[in-house]
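Take a look at the structure set out below.
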Amino acid sequence: MITKKNNEDTLAKFFNIDSPEIKNFTVTNEGIVPDEKHTPIWPKLVESEPVETEEMSRKWKEIQAFYRGDGAVLDGKEKKGLTPVILSSFQEHDYVSKDFPFWINGNPSDEVASKCISLDDVLRDTVDRFCSEERKAKILKQNLVRIVGHCSKKIQALDESVAALPIVMEAIDELKSKIEVNGDDAKQFEEDIALLKSNFPENGYLIPFSEKTIYEIFNRILNNEVALKSTDLLNTTKKLVGKLNDLLAVEREKETGEKLSKNLKSSIGFADSLINIDKMSSVNPESGSELMTQVRAERIKNAITILEKGDLFFEKKATILAHKELYSSKKTNLNDVFSTSEYIEFTDKNGCEEAVTQFNTSILAYEKFISSIRIAQLEVEGKYIESIHDAYFSGFEWRMFTDEEMACFPPVILITELSTLKSDELTSFSKLMSQNIPIKIISLKRDSLENYKKNGVSSDATHFVFRQELAAIAIAHRNTYVLQSSTISPEYLFQGLSEGLRNFSPALFNILCPSNVNYSSPYMWGSAAVESRDFPQFKYNGNLSSQWGSRFDVSNNPQTETNWPLHSTKIITSEDEEEVWELPFTIADYTFINTSYSAHYLYIDSKYWNDKLIPLADYLSLDQKDVPSKVPFIWVVDEQSELQKMAVSISIVLACKERLDFWDYLQENAGIHNYHVDEAIERERNHFKSVSEEEIAKVRNELNEEIERVREKTTEEAMEKLTSFLLDMDNLPLTSAKVSNSEVVVEEKEEADLIESTLEEEIKEEKEEAVIEEPWIETPSCTTCNECTDINDRMFSYNADKMAYVADPKAGTFKELVDAAVLCPVHIIHPGKPLNANEPNLEELIKIAEEYN
Amino acid sequence: MFGLKLDMACEIPDKYYSLEDYEKAEPRWCPGCGDHSVLTNIQKLCREKQLDPAKTVFVSGIGCSSRFPHYMKTYGFHGLHGRAFPVASGIKFRRPDLDVFVITGDGDCCSIGAGAWVHAIRYNINMTVMLFNNEIYGLTKNQTSPTSRVGTKSNTSPRGSILPPINPLQTTLGVANVSFVAQTVDWNPAHLYATLNAAHEHKGFSFVHIVQRCPVFQPDLVDEFTSGKDAFHLIKNENGIVLDEKAEKTFKNSVEHDHTDINAARHLAEHENGKFYLGLLYQNKEAQCYDDYGAHNLGFTAEQKMSVLNEELDKRAI
Ligand SMILES: Cc1ncc(C[n+]2csc(CCOP(=O)(O)OP(=O)(O)O)c2C)c(N)n1
Ligand code: SF4
Ligand code: SF4
Ligand SMILES: [Mg+2]
């Protein structure tokens, strides 16, 4: 008998409640519920009946008061867990994009030293290099993301840059051990893995996304760039020292009469096997009889002493200054990150001034070093003229360096907070920029509040202030390098930093470093800051050609053509229909994710929705006269995935306007929607329009006249013809026109036939030529019917896609090949010519084979 | 969003399924049978989509073609003659998480199973259906089927059949709530694959009519099919089934067709002048899916279900 209890068990099994994860469904104690992570739940619009007029107008008085910033606290249900619509799909996950970890080439002498790409791309590049028509490495390619994932987890936990190779190798092994692949695919996969391992670039570093990203990148650039250049300079220096020593040796010989060759040998060293030094010493131009002056000898000795110590300049890759408090509370230890540079911490001092002082000190010795190189060069060539050069070298300073000489100087770098530069240090910052001192400043922005709290928005709208844009201020100094970037764009950042470092000019790197100060997902915050135009990214290079436009670039922003980036989102209407909405991502959406601004948003229940409540982007483009009584809102999604309207206060509206204004400024400077260009185009268009209208009128007139003329003429002709026709009616060749027509047709047809037959011949020839001796199968057309493999499964085999190919033509007889060709239901087996001339019945078989070749 | 991509959150299973993971037993179809080709292409589709074999079910009726589930290393249900659809519908209705494929023959579907077929179309439950049409009963060794052409000689009509054949495309197109109808042939792997893929992608009852060769009992047809390239016209539409250039070249003729137009589809289905139109004939993404309403009470606990069941039983207690 079936009891209630055991029946329940059976049922439970039937409904699979105890089955582990079911795709797209989660098994809970309550049963199986759709898994929200997998099934996209589109935001749903739920509308309700508007309230009575009286209630409406009461509520709207409150809403308008809120808008004006009266701080009215309204009733209505508390709404929690709201997200701007565009961000809602990203909300659940702690995102770090595929850009991370990213890889920087660690081999400075490598041509691709300037390369910085995501690990994902390095892996794909590496695989692509050994892929071909035959080797598609499909499984490996599909699973590269796992390697990235493994490395990412590992490196994110370490929170510092590390050599890429060991971690990547480990991840590849992990992939191999974890993924189960069977059969033919397994062999392929194993080979592909081995190839990936042997081809992955040896030298490189992986950098995680964190607060330290900026330092890690910068440190790698310093090591690559400065190291590479100083090597060249040091080689030159060494050669010069050798030559100077030779000069002195010659001099000593002249004094003592000693044979020169011994001393020269010492300096040339290895080369004595190649050069006849005895002979050389007798032809050396310096071996004249006149002795070197004491002053000159001193100058040369002096230069040698300085040049010999040249290595010391490059022991440290840079001098880095930072305020002690910058990191006092953080775990980041800049000293560790910049271990190959000199790191100086200061307190209670003006960072910019400190950097200038530091620069002046370090450059002094370097000036001596460079001037010694130049003196050495002149001396070696015997071109040092004291009357000219003494004065030149006594006044020699860094501004007289060449670009290369400057580039080798271990740069002085100031790391500071954006807010410090904008307030206390603005004057010294500007001074530094205008003096053209090639100090590189990294200014950090780690908090989104700074702007609005102090300058932009406050609860009192009258406090509205235009934001100080430090990067724009720096650009105004013209001969500068300016980069404004977020660490979420590592490639852009890397290129900008390298370029700025290479330049013989002061540089400002204004960097947004998302940290988890205010947001649980710093990456999303950084992303939203760029998306909302709160922190646009751009580059300015004052060293580029004289045309202003060519120096400035804003391309690394989303949808540079629009005011706000637009995103399509699917929503479900209240009639249960799917609709696609285009929504802008505005400053209001950006500040909404920061709880500090919650006083600037007001939840409006759908019963109070009316036409006075309008979308923010539309509100911003309203004519001033239409603004009164209207209140802007943004769309948000609540925890039930229902769409809600949040009214936005005037402070946020002003912030939007302020940010749009700055974005306009950047766009115009970058040549997007440029006022002057647009004006000029409009002018030209109008001009062209009026000119062309005139032209058209003229042509039309001429045409009309022509038509008139032709009409008159043809009427005359027609009349004439008609008359002669009537007169000659008796002997009119009625069919003449027709005959000539059909003649043409015949000719055309003949021609077409000719073309076709030549074509056919060509094809035939091609086919004949294409007869190949070797047997083969048109594998892509194989229907896997087993006919051929049943005849001889060593001769015919299936590939990884289970389609037949000739595996070994010698594994069977020509007869088997021909039989298979005959049997193959899709006629794709071509038996070729017999390989064994002694097979019986060959003649007959060859004849059959011909049909299939 | 700047720097943010949705696919970054995707989780990938640790197992990579290769062709072998979908292969089971040596197929016992005759050499040269069109069924082999469909099997291989289905296995490839599974691999391409990395379908979890434990979450995939092949359901069939009876016939040569209906042996299909035995050769798939997934779940399978070799059902009763003509009853593949009710079984498949039941599975999908209660277990929406499973991927359901149906294999049926011209005898299985258009003869004994015709009643179930009609209603399965109308219910439009999400499954991929393959009708293997060899115009004959193969398994039982050569009997005239409802799709056999007039004049077909077989054990049941030794002097040639006399009734005009059912056109499965036309029949399917004639049923209310039809949502996906496509036609392909077993001997053009590229087209076959693309069609099966499109069918699998469609949500609803995706009906694929496969013109299938039976070299044993329909040798003349096989010759006619494989030599008569002119008869096969490729249906082209950028929103329909799109072939790559190479595969497209295997067709001599093609025709542009709007697969949302049911009358145009019926016209193509008619095989006028012996022409076969291959590709997507008709699709309606908006058709009602009965399974949308089926899985709702999966949220009930076993206890709740039991109480409802008992309540019902109690009503009938004597
Ligand atoms: C209820 C019932 N009636 C009849 C049969 C006999 N029978 C087995 S297969 C078959 C026809 C199969 O033809 P088709 O569906 O076209 O499959 P094919 O073998 O051609 O692939 C029949 C009538 C059966 N198995 N069960
Ligand atoms: S006989 Fe032809 S179709 Fe069949 S498996 Fe061999 S090559 Fe492929
Ligand atoms: S009898 Fe026909 S349909 Fe059946 S397996 Fe053989 S060839 Fe295929
Ligand atoms: Mg059949």
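The chains in the structure tokens are called A, B, ... from first to last as shown; in each chain the residues are counted from 1, and the ligands are counted from 1 in the order shown.
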Hey, which residues come within 9 Å of ligand 1 if we count only C-alpha atoms and all ligand atoms? Could you give them as a PyMOL selection string? chain B and resi 35+61-67+80-82+104-112+131-143+145-147+212+214
Find the residues near ligand 2. Use a cut-off of 9 Å, count only C-alpha atoms and all ligand atoms, and write them as a PyMOL selection string. (chain A and resi 777-779+781-790+796-798+802-806+820-829) or (chain B and resi 31-33+36-37+187)
Run DSSP on the backbone of this structure and report the residues of region 73-318 of chain B it assigns to alpha helix (DSSP H), as number ranges by chain. B: 84-94, 106-107, 114-123, 168-173, 189-201, 219-227, 245-248, 262-269, 302-315
Lys44 (chain B) environment, 12 Å, only C-alpha atoms, sequence neighbours closer than 4 positions dropped, as a VMD selection string: (chain A and resid 800 to 803) or (chain B and resid 17 to 23 37 to 40 48 to 51 72 189 to 190 192 to 194 196 to 197)
Tell me, in Å to one decimal, how far CA of Ile439 (chain A) is from CA of Ile413 (chain A).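 Calculated distance between CA of Ile439 (chain A) and CA of Ile413 (chain A) is 6.0 Å.
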Please compute the CA of Ser443 (chain A)-CA of Tyr481 (chain A) distance, one decimal, in Å.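 These two atoms are separated by 13.3 Å.
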Pick from B:Arg316, B:Lys246, B:His200, B:His233 nearest to chain A, counting only C-alpha atoms: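 Nearest to chain A: B:Lys246.
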Spatial neighbours of His830 (chain A), 6 Å, only C-alpha atoms, chain gap at least 3 places, as a list in words: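 Those residues are Pro775, Trp776, Tyr852 and Asn853 of chain A.
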How would the residues just chosen look if you wrote them out with N, CA and C atoms as a compact mmCIF listing (two decimals), in the first residue's frame?
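Once written, again_1.txt looks like this:
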# COMPACT_ATOMS: atom_id res chain seq x y z
N PRO A 775 44.52 10.15 -53.99
CA PRO A 775 43.10 10.11 -53.68
C PRO A 775 42.75 11.15 -52.61
N TRP A 776 41.55 11.71 -52.67
CA TRP A 776 41.15 12.69 -51.66
C TRP A 776 39.64 12.72 -51.50
N TYR A 852 34.93 9.53 -61.16
CA TYR A 852 34.86 10.13 -59.82
C TYR A 852 36.03 11.07 -59.52
N ASN A 853 36.94 11.21 -60.50
CA ASN A 853 38.10 12.06 -60.21
C ASN A 853 37.84 13.53 -60.49
Which residue is closest to Val102 (chain B)? Choose from B:Phe180, B:Val208, B:Thr195, B:Gly34 and count only C-alpha atoms.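 Of all the options, B:Val208 lies closest to Val102 (chain B).
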